[in-house]
Amino acid sequence: MNPTIAIVEDERAIAENYRDALRRSGYQVNLYESRNEALTAFRQRLPDLAVIDVGLGTEVEGGFELCRELRAMAPALPILFLTARDSELDIISGLRLGADDYLTKDISLPHMQARINALLRRVSVLKSRNDEGERLQQGALELDVERMHCRWNSEPVDLTVTEFWIVYALARRPGHVKSRSQLMEAAQVVLDDSTITSHVKRIRRKFQAVDDRFDAIATAYGLGYRWQA
């Protein structure tokens, strides 16, 4: 069955334009105009990926609230913001809430589809590894690739799809520096350098919430990041 994409957008014409383009690529697409409408549907059945606008009707930041609620329901579900809000503060806010990507509406439809394809491809690759039951352990870190579970000192750390891939890419080869472009390649994601940096900061905060002494992700200034024992 083809993946189902939920588009939460209060401007009907824009939503239908996105829907038609994605349907031509073979996706199933459901449209929702408000946070409450989307949330009710998500409680019944989760999509494979959610595309969310920040402003939803009278809720100026309804998309941010929906992202927070959806992330609590499904920590690993791919979430992408697609909005006219392009300030650095909004982008940082969206990523901090757990979005995997943040796009502005001036992006072309082919570019938007490429970012969606990249997110879904990562999920597909993880699922294809399920049969292998792949696990990775580096010291206090445990990664269960089959279930996309991460633990630190046996405590669960909820990571998004993008965050999980970044940790996985770093921890596979501890001590080796991964540039931001290499992390993008390893995680099969199309992001800019500043977005990778924001994801790494968020990953660190999540681990530090479990262990305030966490320092396993080291910055190699001017080069990238490494996982250190």
# chains A, B, ... in the order shown; residues from 1 in each chain; ligands from 1

call {"tool": "residues_around", "arguments": {"residues": "range 104-115 of chain A", "least_positions_apart": "5", "cutoff": "9 Å", "atoms": "only C-alpha atoms", "output": "list in words"}}
result
Tyr18, Ala21, Leu22, Ser25, Leu80, Phe81, Leu82, Thr83, Ala84, Arg85, Asp86, Leu120, Val189, Val190 and Leu191 of chain A

call {"tool": "residues_around", "arguments": {"residues": "Ala72 in chain A", "least_positions_apart": "3", "cutoff": "12 Å", "atoms": "only C-alpha atoms", "output": "tab-separated table (two decimals) with N, CA and C atoms, in the first residue's frame"}}
result
chain	number	residue	atom	x	y	z
A	39	LEU	N	-6.17	16.36	14.60
A	39	LEU	CA	-5.89	15.60	15.81
A	39	LEU	C	-6.92	14.49	16.01
A	42	PHE	N	-5.97	11.77	13.62
A	42	PHE	CA	-4.73	11.09	13.99
A	42	PHE	C	-4.94	10.14	15.17
A	43	ARG	N	-5.88	10.48	16.04
A	43	ARG	CA	-6.15	9.58	17.16
A	43	ARG	C	-6.80	8.28	16.70
A	65	GLU	N	1.48	23.65	18.01
A	65	GLU	CA	0.80	22.87	19.04
A	65	GLU	C	0.46	21.46	18.53
A	66	LEU	N	0.02	21.38	17.28
A	66	LEU	CA	-0.28	20.07	16.69
A	66	LEU	C	0.97	19.21	16.61
A	67	CYS	N	2.09	19.80	16.23
A	67	CYS	CA	3.35	19.06	16.17
A	67	CYS	C	3.70	18.50	17.54
A	68	ARG	N	3.54	19.32	18.57
A	68	ARG	CA	3.83	18.88	19.94
A	68	ARG	C	2.94	17.70	20.33
A	69	GLU	N	1.65	17.81	20.01
A	69	GLU	CA	0.71	16.74	20.35
A	69	GLU	C	0.97	15.48	19.54
A	75	PRO	N	6.47	9.32	18.53
A	75	PRO	CA	7.81	9.92	18.55
A	75	PRO	C	8.59	9.79	17.25
A	76	ALA	N	8.33	8.74	16.47
A	76	ALA	CA	9.13	8.50	15.28
A	76	ALA	C	8.44	8.90	13.98
A	77	LEU	N	7.22	9.41	14.06
A	77	LEU	CA	6.49	9.77	12.84
A	77	LEU	C	7.16	10.94	12.13
A	97	LEU	N	10.44	21.53	18.51
A	97	LEU	CA	9.23	20.78	18.84
A	97	LEU	C	9.26	19.36	18.29
A	98	GLY	N	10.26	19.08	17.46
A	98	GLY	CA	10.42	17.71	16.98
A	98	GLY	C	10.17	17.50	15.50
A	99	ALA	N	9.98	18.57	14.73
A	99	ALA	CA	9.80	18.39	13.29
A	99	ALA	C	11.10	17.87	12.66
A	158	ASP	N	13.59	9.44	23.42
A	158	ASP	CA	12.70	9.51	22.27
A	158	ASP	C	13.32	10.38	21.18
A	159	LEU	N	13.63	9.75	20.05
A	159	LEU	CA	14.24	10.47	18.92
A	159	LEU	C	13.31	10.44	17.72
A	160	THR	N	13.30	11.52	16.96
A	160	THR	CA	12.58	11.53	15.69
A	160	THR	C	13.36	10.69	14.68

call {"tool": "residues_around", "arguments": {"residues": "Ser198 in chain A", "least_positions_apart": "4", "cutoff": "12 Å", "atoms": "only C-alpha atoms", "output": "short mmCIF file (atom, residue, chain, number, x, y, z; two decimals) with all heavy atoms, in the first residue's frame"}}
result
data_model
loop_
_atom_site.label_atom_id
_atom_site.label_comp_id
_atom_site.auth_asym_id
_atom_site.auth_seq_id
_atom_site.Cartn_x
_atom_site.Cartn_y
_atom_site.Cartn_z
N GLU A 88 13.97 32.95 11.49
CA GLU A 88 14.86 31.99 12.13
C GLU A 88 14.25 31.46 13.42
O GLU A 88 14.37 30.27 13.73
CB GLU A 88 16.22 32.64 12.42
CG GLU A 88 17.24 31.67 13.01
CD GLU A 88 18.60 32.31 13.21
OE1 GLU A 88 18.71 33.53 13.01
OE2 GLU A 88 19.53 31.59 13.59
N LEU A 89 13.54 32.32 14.15
CA LEU A 89 12.91 31.91 15.40
C LEU A 89 11.85 30.84 15.15
O LEU A 89 11.76 29.85 15.89
CB LEU A 89 12.27 33.11 16.10
CG LEU A 89 11.53 32.81 17.41
CD1 LEU A 89 12.48 32.19 18.44
CD2 LEU A 89 10.89 34.09 17.96
N ILE A 91 11.71 28.77 12.57
CA ILE A 91 12.38 27.54 12.13
C ILE A 91 12.94 26.79 13.32
O ILE A 91 12.75 25.57 13.47
CB ILE A 91 13.50 27.86 11.11
CG1 ILE A 91 12.89 28.45 9.84
CG2 ILE A 91 14.31 26.61 10.79
CD1 ILE A 91 13.91 29.01 8.86
N ILE A 92 13.62 27.51 14.20
CA ILE A 92 14.19 26.89 15.40
C ILE A 92 13.09 26.31 16.28
O ILE A 92 13.20 25.19 16.80
CB ILE A 92 15.04 27.90 16.18
CG1 ILE A 92 16.29 28.26 15.38
CG2 ILE A 92 15.43 27.35 17.55
CD1 ILE A 92 17.10 29.40 15.96
N SER A 93 11.98 27.05 16.42
CA SER A 93 10.86 26.58 17.23
C SER A 93 10.30 25.28 16.67
O SER A 93 10.02 24.33 17.41
CB SER A 93 9.75 27.63 17.29
OG SER A 93 10.20 28.80 17.94
N GLY A 94 10.13 25.22 15.34
CA GLY A 94 9.60 24.02 14.71
C GLY A 94 10.48 22.81 14.92
O GLY A 94 10.01 21.71 15.25
N LEU A 95 11.79 23.01 14.79
CA LEU A 95 12.72 21.90 14.98
C LEU A 95 12.81 21.47 16.44
O LEU A 95 12.92 20.29 16.75
CB LEU A 95 14.10 22.28 14.45
CG LEU A 95 14.18 22.52 12.94
CD1 LEU A 95 15.57 23.01 12.55
CD2 LEU A 95 13.83 21.27 12.15
N ARG A 96 12.73 22.44 17.34
CA ARG A 96 12.78 22.11 18.76
C ARG A 96 11.56 21.30 19.19
O ARG A 96 11.64 20.49 20.11
CB ARG A 96 12.87 23.39 19.60
CG ARG A 96 14.26 24.01 19.63
CD ARG A 96 14.29 25.26 20.47
NE ARG A 96 15.65 25.79 20.61
CZ ARG A 96 15.95 26.94 21.16
NH1 ARG A 96 14.97 27.70 21.63
NH2 ARG A 96 17.20 27.34 21.25
N LEU A 97 10.44 21.53 18.51
CA LEU A 97 9.23 20.78 18.84
C LEU A 97 9.26 19.36 18.29
O LEU A 97 8.39 18.56 18.59
CB LEU A 97 8.00 21.52 18.30
CG LEU A 97 7.62 22.80 19.05
CD1 LEU A 97 6.55 23.56 18.29
CD2 LEU A 97 7.15 22.48 20.45
N GLY A 98 10.26 19.08 17.46
CA GLY A 98 10.42 17.71 16.98
C GLY A 98 10.17 17.50 15.50
O GLY A 98 10.12 16.35 15.05
N ALA A 99 9.98 18.57 14.73
CA ALA A 99 9.80 18.39 13.29
C ALA A 99 11.10 17.87 12.66
O ALA A 99 12.20 18.20 13.10
CB ALA A 99 9.41 19.71 12.63
N ASP A 100 10.95 17.05 11.63
CA ASP A 100 12.12 16.52 10.93
C ASP A 100 12.64 17.50 9.88
O ASP A 100 13.81 17.45 9.52
CB ASP A 100 11.77 15.19 10.26
CG ASP A 100 11.50 14.10 11.27
OD1 ASP A 100 12.45 13.60 11.87
OD2 ASP A 100 10.31 13.77 11.49
N ASP A 101 11.77 18.38 9.40
CA ASP A 101 12.18 19.33 8.37
C ASP A 101 11.26 20.55 8.44
O ASP A 101 10.15 20.48 8.98
CB ASP A 101 12.10 18.69 6.98
CG ASP A 101 13.04 19.32 5.98
OD1 ASP A 101 13.59 20.40 6.29
OD2 ASP A 101 13.23 18.74 4.89
N TYR A 102 11.74 21.67 7.92
CA TYR A 102 10.99 22.92 7.95
C TYR A 102 11.18 23.60 6.60
O TYR A 102 12.29 23.99 6.25
CB TYR A 102 11.49 23.81 9.09
CG TYR A 102 10.61 25.00 9.41
CD1 TYR A 102 9.83 25.03 10.55
CD2 TYR A 102 10.58 26.12 8.57
CE1 TYR A 102 9.03 26.13 10.86
CE2 TYR A 102 9.77 27.21 8.85
CZ TYR A 102 9.01 27.22 10.00
OH TYR A 102 8.22 28.30 10.30
N THR A 162 14.80 11.65 11.91
CA THR A 162 16.04 12.34 11.55
C THR A 162 17.07 12.24 12.66
O THR A 162 18.25 11.96 12.42
CB THR A 162 15.76 13.82 11.25
OG1 THR A 162 14.84 13.92 10.16
CG2 THR A 162 17.04 14.56 10.88
N GLU A 163 16.64 12.44 13.90
CA GLU A 163 17.55 12.38 15.04
C GLU A 163 18.12 10.97 15.21
O GLU A 163 19.31 10.81 15.49
CB GLU A 163 16.81 12.81 16.31
CG GLU A 163 16.43 14.28 16.32
CD GLU A 163 15.38 14.62 17.36
OE1 GLU A 163 14.85 13.70 18.01
OE2 GLU A 163 15.08 15.81 17.52
N ILE A 166 20.86 10.39 12.65
CA ILE A 166 22.09 11.13 12.96
C ILE A 166 22.88 10.43 14.05
O ILE A 166 24.10 10.25 13.94
CB ILE A 166 21.75 12.59 13.36
CG1 ILE A 166 21.26 13.37 12.13
CG2 ILE A 166 22.98 13.28 13.96
CD1 ILE A 166 20.76 14.77 12.44
N ARG A 180 28.79 17.77 8.24
CA ARG A 180 27.34 17.94 8.14
C ARG A 180 26.82 17.32 6.85
O ARG A 180 25.76 16.72 6.83
CB ARG A 180 26.99 19.43 8.22
CG ARG A 180 27.20 20.01 9.62
CD ARG A 180 27.03 21.52 9.64
NE ARG A 180 27.19 22.07 10.99
CZ ARG A 180 28.35 22.30 11.56
NH1 ARG A 180 29.49 22.06 10.89
NH2 ARG A 180 28.42 22.80 12.79
N LEU A 191 19.02 18.57 3.93
CA LEU A 191 18.91 19.68 4.87
C LEU A 191 20.10 20.60 4.69
O LEU A 191 21.14 20.19 4.16
CB LEU A 191 18.89 19.17 6.32
CG LEU A 191 17.74 18.23 6.72
CD1 LEU A 191 17.99 17.69 8.12
CD2 LEU A 191 16.42 18.96 6.67
N ASP A 192 19.96 21.83 5.15
CA ASP A 192 21.12 22.72 5.10
C ASP A 192 21.92 22.58 6.39
O ASP A 192 21.49 21.94 7.36
CB ASP A 192 20.69 24.18 4.87
CG ASP A 192 19.69 24.68 5.89
OD1 ASP A 192 19.78 24.27 7.07
OD2 ASP A 192 18.81 25.46 5.51
N ASP A 193 23.11 23.19 6.41
CA ASP A 193 24.02 23.03 7.54
C ASP A 193 23.40 23.50 8.85
O ASP A 193 23.56 22.85 9.89
CB ASP A 193 25.32 23.80 7.29
CG ASP A 193 26.22 23.10 6.28
OD1 ASP A 193 25.84 22.01 5.81
OD2 ASP A 193 27.30 23.63 5.97
N SER A 194 22.69 24.64 8.81
CA SER A 194 22.14 25.18 10.05
C SER A 194 21.06 24.25 10.62
O SER A 194 20.89 24.15 11.84
CB SER A 194 21.56 26.57 9.81
OG SER A 194 20.51 26.53 8.86
N ARG A 202 19.35 19.62 19.51
CA ARG A 202 18.16 19.00 20.10
C ARG A 202 18.47 17.60 20.60
O ARG A 202 18.00 17.20 21.67
CB ARG A 202 17.04 18.97 19.06
CG ARG A 202 15.75 18.33 19.58
CD ARG A 202 14.64 18.45 18.55
NE ARG A 202 13.52 17.60 18.92
CZ ARG A 202 12.58 17.93 19.79
NH1 ARG A 202 12.65 19.09 20.41
NH2 ARG A 202 11.59 17.10 20.05
N ILE A 203 19.27 16.84 19.85
CA ILE A 203 19.67 15.49 20.27
C ILE A 203 20.42 15.56 21.60
O ILE A 203 20.15 14.79 22.53
CB ILE A 203 20.55 14.82 19.19
CG1 ILE A 203 19.70 14.49 17.96
CG2 ILE A 203 21.20 13.55 19.73
CD1 ILE A 203 20.52 14.13 16.74
N ARG A 204 21.35 16.49 21.69
CA ARG A 204 22.11 16.64 22.94
C ARG A 204 21.19 16.94 24.12
O ARG A 204 21.34 16.37 25.20
CB ARG A 204 23.15 17.76 22.79
CG ARG A 204 24.37 17.38 21.98
CD ARG A 204 25.23 18.59 21.76
NE ARG A 204 26.53 18.27 21.17
CZ ARG A 204 27.21 19.11 20.41
NH1 ARG A 204 26.72 20.33 20.15
NH2 ARG A 204 28.38 18.76 19.91
N ARG A 205 20.22 17.82 23.91
CA ARG A 205 19.30 18.16 25.00
C ARG A 205 18.50 16.94 25.44
O ARG A 205 18.24 16.77 26.64
CB ARG A 205 18.36 19.28 24.56
CG ARG A 205 18.99 20.66 24.54
CD ARG A 205 17.94 21.76 24.50
NE ARG A 205 17.12 21.66 23.30
CZ ARG A 205 17.40 22.28 22.16
NH1 ARG A 205 18.49 23.02 22.05
NH2 ARG A 205 16.58 22.17 21.13
#

call {"tool": "select_by_dssp", "arguments": {"residues": "range 161-228 of chain A", "states": "helix (DSSP H, G or I)", "output": "MDAnalysis selection string"}}
result
chainID A and resid 161:171 180:186 193:210

call {"tool": "residues_around", "arguments": {"residues": "Gln28 in chain A", "least_positions_apart": "3", "cutoff": "9 Å", "atoms": "only C-alpha atoms", "output": "list in words"}}
result
Asn2, Pro3, Thr4, Ile5, Ala6, Arg19, Leu22 and Arg23 of chain A

call {"tool": "atom_distance", "arguments": {"atom1": "CA of Glu11 in chain A", "atom2": "CA of Gly55 in chain A"}}
result
10.1 Å

call {"tool": "atom_distance", "arguments": {"atom1": "CA of Met1 in chain A", "atom2": "CA of Ala38 in chain A"}}
result
21.6 Å

call {"tool": "residues_around", "arguments": {"residues": "Val210 in chain A", "least_positions_apart": "5", "cutoff": "10 Å", "atoms": "only C-alpha atoms", "output": "PyMOL selection string"}}
result
chain A and resi 151-157+205

call {"tool": "write_last_selection", "arguments": {"atoms": "N, CA, C and O atoms", "output": "compact mmCIF listing (two decimals), in the first residue's frame"}}
result
# COMPACT_ATOMS: atom_id res chain seq x y z
N ARG A 151 18.25 3.99 23.81
CA ARG A 151 18.39 4.03 25.26
C ARG A 151 19.78 4.54 25.63
O ARG A 151 20.75 4.27 24.92
N TRP A 152 19.84 5.24 26.74
CA TRP A 152 21.10 5.72 27.29
C TRP A 152 21.11 5.34 28.76
O TRP A 152 20.22 5.74 29.50
N ASN A 153 22.10 4.54 29.15
CA ASN A 153 22.12 4.01 30.52
C ASN A 153 20.80 3.33 30.86
O ASN A 153 20.26 3.49 31.97
N SER A 154 20.27 2.61 29.87
CA SER A 154 19.02 1.85 30.00
C SER A 154 17.77 2.72 30.08
O SER A 154 16.67 2.21 30.22
N GLU A 155 17.93 4.05 29.98
CA GLU A 155 16.79 4.96 30.00
C GLU A 155 16.40 5.31 28.57
O GLU A 155 17.26 5.60 27.73
N PRO A 156 15.09 5.28 28.25
CA PRO A 156 14.66 5.59 26.88
C PRO A 156 14.90 7.05 26.50
O PRO A 156 14.71 7.95 27.33
N VAL A 157 15.31 7.25 25.27
CA VAL A 157 15.48 8.60 24.71
C VAL A 157 14.64 8.64 23.43
O VAL A 157 14.93 7.93 22.47
N ARG A 205 20.22 17.82 23.91
CA ARG A 205 19.30 18.16 25.00
C ARG A 205 18.50 16.94 25.44
O ARG A 205 18.24 16.77 26.64

call {"tool": "closest_residue", "arguments": {"among": "A:Ala229, A:Ala218, A:Met73, A:Cys150", "to": "Leu46 in chain A", "atoms": "only C-alpha atoms"}}
result
A:Met73

call {"tool": "closest_residue", "arguments": {"among": "A:Leu141, A:Ala74, A:Ser87, A:Ile116", "to": "Val51 in chain A", "atoms": "only C-alpha atoms"}}
result
A:Ile116
